[in-house]
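This report concerns only the one structure given below.
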Amino acid sequence: AQEIAVRAAFRGGRLAMARLGDPGYLTWKGHRDVVSGASLEVQEAIVAVLQRECPGDAILAEEGPEDEPLAVDAERLWIVDPICGSLNFVQGIPFFGISVALRVGGMLRVGVVYDPMRDETFAARVGGGATLNGRPITIRVTSEGPEFWEQSWVGTDLPYSGPRREMALRVFGLFTDEVLSQTIMGSPALGICYVACGRLHAYWNLDAKPWDVAAAAVILEAAGGQISDGDGGSWLHSDGSYVAGVPTLVRWALRGVKWVRQQGQQGQQGQQGPQDPPPVE
């Protein structure tokens, strides 16, 4: 299954690379949420490989018709994000990933994220370890403590609009004052994979979709990393919020996300600004 996922992602990635700068027609699903004609072609290429190799399996793809019935309870379900980083892609920015995951019996078993612009394939299967272009990868290990959080490199992506975007901006402001560097990635899948291979210490997102994170989460956990929802619970049942990273630093990231959420719920944003670090639990 991992080999099939790699082939499917590679085929989609090569097509996406050829279409960079020529995304075709654009359809806006919402503010800052775009679908291009090229992304649909990439998805069709990936799905064609999966249907040929695994004709009995169900497929959940990001750009499916809104009224299409989804086989979310299927025994074997492929989860596909044809271009994770759509805004980057349509603007011609060469930072996006092709994400393919396989869930079997309700458990995610295989994850592949392919970056066609760098020809980097992140891959993992449960019990098999994580690799980058076939070589084992692991997270960047750190000790626990405020000094290590302050030295962290953190990635994120912001919700498109609404209250979640406002909340994410407050978290972003808080973390910007605390950590060494914080970067908006443009691709959740690559952001999490960058944690898995040690390029980042943590990644957070308050409004990601399952296809954004499914494959990357398999890779991260296989590399020794940790991922949870924004409250510290199982990421598999997230409301869209995710915190991923080195286990010793996930607690520090969660602390900030929880604090901003609590302030929003209590309507006390004006009493203590993001520049004042919240107390450590």
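Letters A, B, ... go to the chains of the structure tokens in the order shown; residues in each chain start at 1; ligands are counted from 1 in the same order.
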- Item | All residues 7 Å or closer to Ala223 of chain A, only C-alpha atoms, same chain fewer than 6 positions away omitted, as a PyMOL selection string | chain A and resi 129-130+137-139+196
Each segment 181-235 of chain A residue no farther than 12 Å from segment 116-121 of chain A, nearest pair in Å, only C-alpha atoms, as a Markdown table:
| residue | atom | partner | partner_atom | distance |
| --- | --- | --- | --- | --- |
| A:Ala189 | CA | A:Thr121 | CA | 11.9 |
| A:Leu190 | CA | A:Glu120 | CA | 10.3 |
| A:Cys193 | CA | A:Thr121 | CA | 9.9 |
| A:Tyr194 | CA | A:Glu120 | CA | 11.2 |
| A:Cys197 | CA | A:Glu120 | CA | 11.4 |
| A:Ala215 | CA | A:Thr121 | CA | 11.7 |
| A:Ala216 | CA | A:Thr121 | CA | 11.2 |
| A:Ile219 | CA | A:Thr121 | CA | 10.8 |
- Item | Shell of 9 Å around segment 140-145 of chain A, only C-alpha atoms, local chain residues under 6 positions omitted, as a ChimeraX atom specification | /A:195-201,225,246-249,252
Using only C-alpha atoms, determine which residues lie at most 8 Å from segment 156-171 of chain A, disregarding the query and same-chain residues fewer than 4 positions distant; provide the list as a tab-separated table (two decimals) with C-alpha atoms, in the first residue's frame.
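Everything below was put into result.tsv:
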chain	number	residue	atom	x	y	z
A	30	GLY	CA	-14.58	30.91	0.15
A	31	HIS	CA	-12.32	33.79	1.09
A	32	ARG	CA	-8.72	32.61	0.44
A	33	ASP	CA	-9.98	29.07	-0.37
A	175	PHE	CA	4.06	32.66	19.93
A	182	GLN	CA	7.48	31.38	13.46
A	183	THR	CA	6.62	30.91	9.80
A	184	ILE	CA	3.36	30.67	7.85
A	185	MET	CA	4.00	27.64	5.67
A	186	GLY	CA	1.14	27.59	3.16
A	187	SER	CA	0.91	23.77	3.32
A	188	PRO	CA	-0.13	21.92	6.50
A	191	GLY	CA	4.59	21.82	7.75
A	203	TYR	CA	3.45	23.11	13.87
A	204	TRP	CA	-0.06	24.28	14.80
A	205	ASN	CA	-3.25	24.99	12.91
A	206	LEU	CA	-6.73	25.92	14.20
A	207	ASP	CA	-8.71	25.05	11.07
A	208	ALA	CA	-7.17	22.24	9.02
A	256	GLY	CA	-0.65	28.98	24.37
A	257	VAL	CA	-3.53	27.70	22.22
A	260	VAL	CA	-6.08	32.13	23.91
A	261	ARG	CA	-9.17	29.94	23.60
A	264	GLY	CA	-11.90	34.22	23.96
A	274	PRO	CA	-0.57	38.34	24.11
- May I have the residues within 6 Å of segment 75-85 of chain A as a PyMOL selection string, using only C-alpha atoms and disregarding those fewer than 6 positions away in the same chain? chain A and resi 42-43+57-62+96-105+186-187+211
Just write the chosen residues, all heavy atoms, as a compact mmCIF listing (two decimals), in the first residue's frame.
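Once written, result-v3.txt looks like this:
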# COMPACT_ATOMS: atom_id res chain seq x y z
N VAL A 42 -4.84 16.98 -11.27
CA VAL A 42 -3.91 16.25 -10.41
C VAL A 42 -4.66 15.20 -9.61
O VAL A 42 -4.22 14.05 -9.48
CB VAL A 42 -3.17 17.23 -9.47
CG1 VAL A 42 -2.38 16.46 -8.41
CG2 VAL A 42 -2.24 18.14 -10.27
N GLN A 43 -5.81 15.59 -9.07
CA GLN A 43 -6.61 14.64 -8.31
C GLN A 43 -7.05 13.46 -9.17
O GLN A 43 -7.00 12.30 -8.73
CB GLN A 43 -7.83 15.35 -7.72
CG GLN A 43 -8.74 14.44 -6.91
CD GLN A 43 -9.75 15.23 -6.12
OE1 GLN A 43 -9.40 15.94 -5.18
NE2 GLN A 43 -11.02 15.14 -6.48
N ASP A 57 -11.35 -0.36 -3.20
CA ASP A 57 -11.19 0.58 -2.09
C ASP A 57 -11.99 1.87 -2.32
O ASP A 57 -12.20 2.29 -3.46
CB ASP A 57 -9.71 0.95 -1.91
CG ASP A 57 -8.87 -0.22 -1.43
OD1 ASP A 57 -9.44 -1.31 -1.21
OD2 ASP A 57 -7.65 -0.04 -1.27
N ALA A 58 -12.40 2.48 -1.22
CA ALA A 58 -13.08 3.77 -1.28
C ALA A 58 -12.03 4.89 -1.27
O ALA A 58 -10.91 4.70 -0.80
CB ALA A 58 -14.02 3.93 -0.10
N ILE A 59 -12.42 6.05 -1.80
CA ILE A 59 -11.51 7.19 -1.89
C ILE A 59 -12.22 8.45 -1.40
O ILE A 59 -13.32 8.77 -1.85
CB ILE A 59 -11.02 7.40 -3.34
CG1 ILE A 59 -10.27 6.16 -3.84
CG2 ILE A 59 -10.13 8.64 -3.43
CD1 ILE A 59 -9.89 6.22 -5.31
N LEU A 60 -11.58 9.14 -0.48
CA LEU A 60 -12.03 10.45 -0.01
C LEU A 60 -11.05 11.48 -0.52
O LEU A 60 -9.90 11.52 -0.08
CB LEU A 60 -12.11 10.49 1.52
CG LEU A 60 -12.37 11.86 2.16
CD1 LEU A 60 -13.72 12.41 1.73
CD2 LEU A 60 -12.29 11.78 3.68
N ALA A 61 -11.47 12.31 -1.48
CA ALA A 61 -10.60 13.31 -2.08
C ALA A 61 -11.13 14.70 -1.78
O ALA A 61 -12.35 14.92 -1.74
CB ALA A 61 -10.49 13.09 -3.59
N GLU A 62 -10.22 15.65 -1.59
CA GLU A 62 -10.62 17.00 -1.18
C GLU A 62 -11.58 17.65 -2.15
O GLU A 62 -12.56 18.28 -1.75
CB GLU A 62 -9.39 17.90 -1.03
CG GLU A 62 -9.77 19.33 -0.64
CD GLU A 62 -8.59 20.28 -0.58
OE1 GLU A 62 -7.48 19.88 -0.96
OE2 GLU A 62 -8.80 21.41 -0.15
N PHE A 96 4.30 23.31 -2.09
CA PHE A 96 3.04 22.60 -1.92
C PHE A 96 3.34 21.11 -1.93
O PHE A 96 4.41 20.68 -2.36
CB PHE A 96 2.05 22.97 -3.05
CG PHE A 96 2.58 22.71 -4.42
CD1 PHE A 96 2.38 21.48 -5.04
CD2 PHE A 96 3.27 23.69 -5.12
CE1 PHE A 96 2.88 21.24 -6.31
CE2 PHE A 96 3.77 23.47 -6.39
CZ PHE A 96 3.58 22.24 -6.99
N GLY A 97 2.41 20.33 -1.43
CA GLY A 97 2.63 18.89 -1.35
C GLY A 97 1.44 18.10 -1.87
O GLY A 97 0.31 18.59 -1.91
N ILE A 98 1.71 16.88 -2.25
CA ILE A 98 0.68 15.92 -2.68
C ILE A 98 0.55 14.90 -1.56
O ILE A 98 1.54 14.25 -1.18
CB ILE A 98 1.08 15.20 -3.98
CG1 ILE A 98 1.70 16.18 -4.99
CG2 ILE A 98 -0.10 14.43 -4.55
CD1 ILE A 98 0.83 17.32 -5.40
N SER A 99 -0.64 14.76 -1.01
CA SER A 99 -0.83 13.95 0.20
C SER A 99 -1.75 12.77 -0.08
O SER A 99 -2.86 12.94 -0.58
CB SER A 99 -1.41 14.83 1.31
OG SER A 99 -1.67 14.08 2.48
N VAL A 100 -1.28 11.57 0.28
CA VAL A 100 -2.06 10.34 0.09
C VAL A 100 -1.93 9.49 1.36
O VAL A 100 -0.82 9.17 1.77
CB VAL A 100 -1.58 9.53 -1.13
CG1 VAL A 100 -2.43 8.26 -1.29
CG2 VAL A 100 -1.63 10.37 -2.40
N ALA A 101 -3.06 9.15 1.96
CA ALA A 101 -3.06 8.31 3.17
C ALA A 101 -4.02 7.15 2.98
O ALA A 101 -4.98 7.23 2.19
CB ALA A 101 -3.45 9.13 4.39
N LEU A 102 -3.79 6.07 3.71
CA LEU A 102 -4.68 4.91 3.69
C LEU A 102 -5.13 4.58 5.10
O LEU A 102 -4.30 4.41 6.00
CB LEU A 102 -3.99 3.69 3.08
CG LEU A 102 -4.80 2.38 3.14
CD1 LEU A 102 -6.07 2.49 2.32
CD2 LEU A 102 -3.96 1.19 2.66
N ARG A 103 -6.46 4.52 5.26
CA ARG A 103 -7.05 4.09 6.53
C ARG A 103 -7.64 2.70 6.36
O ARG A 103 -8.36 2.44 5.41
CB ARG A 103 -8.17 5.07 6.94
CG ARG A 103 -8.64 4.89 8.38
CD ARG A 103 -9.85 5.77 8.66
NE ARG A 103 -11.03 5.24 7.99
CZ ARG A 103 -12.22 5.84 8.02
NH1 ARG A 103 -12.38 6.99 8.64
NH2 ARG A 103 -13.25 5.29 7.39
N VAL A 104 -7.29 1.81 7.27
CA VAL A 104 -7.77 0.43 7.21
C VAL A 104 -8.43 0.10 8.55
O VAL A 104 -7.81 0.24 9.61
CB VAL A 104 -6.62 -0.57 6.95
CG1 VAL A 104 -7.17 -2.00 6.90
CG2 VAL A 104 -5.90 -0.22 5.66
N GLY A 105 -9.69 -0.31 8.49
CA GLY A 105 -10.39 -0.66 9.72
C GLY A 105 -10.47 0.47 10.72
O GLY A 105 -10.41 0.25 11.93
N GLY A 186 1.93 27.69 4.39
CA GLY A 186 1.14 27.59 3.16
C GLY A 186 0.73 26.18 2.83
O GLY A 186 -0.08 25.96 1.92
N SER A 187 1.25 25.17 3.55
CA SER A 187 0.91 23.77 3.32
C SER A 187 0.99 23.02 4.64
O SER A 187 2.08 22.74 5.13
CB SER A 187 1.86 23.12 2.30
OG SER A 187 1.65 21.72 2.25
N TRP A 211 -7.90 15.75 5.28
CA TRP A 211 -6.99 15.42 4.17
C TRP A 211 -5.71 16.25 4.22
O TRP A 211 -4.71 15.88 3.63
CB TRP A 211 -7.68 15.60 2.83
CG TRP A 211 -8.49 16.85 2.71
CD1 TRP A 211 -8.03 18.12 2.49
CD2 TRP A 211 -9.91 16.96 2.83
NE1 TRP A 211 -9.06 19.00 2.46
CE2 TRP A 211 -10.24 18.33 2.66
CE3 TRP A 211 -10.95 16.04 3.05
CZ2 TRP A 211 -11.55 18.80 2.72
CZ3 TRP A 211 -12.25 16.51 3.09
CH2 TRP A 211 -12.54 17.87 2.93
- Message: I need the alpha helix (DSSP H) residues of segment 63-253 of chain A per DSSP on the backbone, written as a PyMOL selection string.
- Response: chain A and resi 86-91+146-150+162-178+188-196+210-222+247-253
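Atom CA of Val243 of chain A sits 6.0 Å away from atom CA of Asp229 of chain A.
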- Expected answer as JSON, numbers by chain: strand (DSSP E) residues in segment 2-241 of chain A: {"A": [26, 27, 28, 29, 30, 33, 34, 35, 36, 58, 59, 60, 61, 76, 77, 78, 79, 80, 81, 82, 83, 84, 97, 98, 99, 100, 101, 102, 103, 104, 107, 108, 109, 110, 111, 112, 113, 114, 115, 120, 121, 122, 123, 124, 125, 130, 131, 132, 135, 136, 153, 154, 155, 156, 157, 181, 182, 183, 184, 202, 203, 204, 205, 226, 227, 228]}
- Query: Skipping near chain neighbours, those fewer than 2 positions away, what residues fall within 6 Å of Gly12 of chain A using only C-alpha atoms, listed as a VMD selection string?
  - Reply: chain A and resid 9 to 10 14 to 15 42 45 to 46
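Shortest atom-to-atom contact with Ile192 of chain A among A:Gln226, A:Thr176, A:Thr131, A:Ser238: A:Gln226, counting only C-alpha atoms.
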- Nearest to Gly230 of chain A among A:Gln262, A:Asn133, A:Ser181, A:Thr27, with distances taken over only C-alpha atoms: which residue is it? A:Gln262
- Item | Selection: 8 Å around Ala123 of chain A, only C-alpha atoms, excl. self and same-chain fewer than 6 positions, as a ChimeraX atom specification | /A:2,6,110-113,130-132,219
- Please, what distance in Å, to one decimal, runs between atom CA of Ser36 of chain A and atom CA of Pro23 of chain A? 5.7 Å
- Task: Would you mind reading off the distance between atom CA of Gly106 of chain A and atom CA of Ser86 of chain A, one decimal, in Å?
- Result: 27.8 Å
